[in-house]
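Undergrad: Below is one structure. I have some questions about it.
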Amino acid sequence: SIFTLPTVMARAEALVVLDEFSEAWATEFEHERERIVALVAAAHLGLVLATAPGPTSRAQPGTLHFEHFGSTAIAGICAKPVIDILIGVSDMATADVLTDLLASPEGLYETDREYNEFLGERRYLRRWRGSEHSHHVHIVVRGNPDWLAFVLFRDALRSDPAL
């Protein structure tokens with residue numbers, strides 16, 4: 001059978017509007033990362049913010065790694081003003097726990113389990129501001145092919161304006 005996007009994913013706008021680059025996007029990313037880290041701490045999940053020696057290394061158990069990616073993370077280009085957040089975890093069990101927390105009323109995100117099952121080794125959530133989504137969160141195992149594709153593509157665009 002043909003896969004049908006679940007209701008939450010079909011809520012996309014018909015018109016895509018691109019904005020001029022804004023330095024505020026990096027600040028929005030930082031604020032949302034801090035909000036998510038505080039939410040995780042308050043839930044006593046035993047997960048902590050960590051940094052690793054480079055964006056392609058694997059995550060240690062119990063750590064969360066955040067990356068700003070997508071078009072709003074590339075200085076100087078026009079972008080749909082949606083902050084894309086990549087959260088790296090050590091395993092998919094942690095991804096599922098974090099997804100449940102972010103999809104709770106306190107988390108302010110929405111997701112669709114059917115769509116996430118379709119994605120396989122990645123979890124996807126959206127946050128809305130009024131009738132428009134403002135943030136996307138992708139939770140993946142740090143160092144897996146999805147993580148590497150997102151981070152390395154972003155880094156290539158940042159390092160070569162001709163791309």
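Following the order of the structure tokens, first chain is A, next is B, and so on, with residues numbered from 1 inside each chain and ligands from 1 in the order they appear.
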Restrict the calculation to only C-alpha atoms, then for each residue of range 127-148 of chain A with any atom at most 7 Å from an atom of range 80-88 of chain A give the closest atom pair and their distance in Å to one decimal, rows by chain and rising residue number, as a tab-separated table.

TA:
residue	atom	partner	partner_atom	distance
A:His133	CA	A:Val82	CA	6.8
A:Ser134	CA	A:Val82	CA	4.8
A:His135	CA	A:Ile83	CA	4.6
A:His136	CA	A:Asp84	CA	4.8
A:Val137	CA	A:Ile85	CA	4.8
A:His138	CA	A:Leu86	CA	4.9
A:Ile139	CA	A:Ile87	CA	4.7
A:Val140	CA	A:Gly88	CA	5.2
A:Val141	CA	A:Gly88	CA	5.3
A:Arg142	CA	A:Gly88	CA	4.3

Undergrad: I need the residues in range 17-89 of chain A that are alpha helix (DSSP H) according to DSSP; give them as a PyMOL selection string.

TA: chain A and resi 24-42

Undergrad: Closest to Ser22 in chain A among A:Gly46, A:Ala162, A:Asp100, A:Ala73, using only C-alpha atoms?

TA: A:Ala73

Undergrad: Give me the residues within 9 Å of range 34-38 of chain A as a PyMOL selection string, counting only C-alpha atoms and dropping any in the same chain fewer than 6 places off.

TA: chain A and resi 47-49+64+102+107

Undergrad: Would you put the residues from that selection into a file with C-alpha atoms, as a PDB file, in the first residue's frame?

TA:
ATOM      1  CA  LEU A  47      20.368  12.779  30.501  1.00  0.00           C
ATOM      2  CA  VAL A  48      22.860  15.628  30.381  1.00  0.00           C
ATOM      3  CA  LEU A  49      24.111  18.085  27.814  1.00  0.00           C
ATOM      4  CA  LEU A  64      22.504  14.796  24.533  1.00  0.00           C
ATOM      5  CA  LEU A 102       9.029  16.692  24.068  1.00  0.00           C
ATOM      6  CA  GLY A 107       7.389  19.893  25.883  1.00  0.00           C
TER       7      GLY A 107
END

Undergrad: Which residues, written as a list in words, have at least one atom at most 12 Å from Leu163 in chain A, with only C-alpha atoms counted and residues fewer than 2 positions away on the same chain left out?

TA: Ile74, Ile77, Phe153, Arg154, Asp155, Ala156, Leu157, Arg158, Ser159, Asp160 and Pro161 of chain A

Undergrad: Using only C-alpha atoms, which residues sit within 12 Å of Asp96 in chain A once same-chain residues fewer than 3 positions away are excluded, as number ranges by chain?

TA: A: 89-93, 99-103, 111-113, 116-117, 120-125, 138-141

Undergrad: May I ask for the distance between CA of Arg127 in chain A and CA of Glu110 in chain A, given in Å to one decimal place?

TA: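 If I compute the distance from CA of Arg127 in chain A to CA of Glu110 in chain A, I get 6.4 Å.
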
Undergrad: Which of these, A:Ala95, A:Glu132, A:Ser57, A:Ala42, has the shortest distance to Leu15 in chain A once you count only C-alpha atoms?

TA: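 Residue with the minimum atom-to-atom distance to Leu15 in chain A: A:Glu132.
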
Undergrad: Enumerate as a VMD selection string all residues of range 13-138 of chain A assigned to strand (DSSP E) by DSSP on the backbone, naming them with the chain letters and numbers the document uses.

TA: chain A and resid 48 to 49 63 to 69 83 to 89 109 to 110 122 to 129 132 to 138

Undergrad: Could you check how far CA of Leu119 in chain A sits from CA of Pro145 in chain A, in Å to one decimal?

TA: 12.8 Å
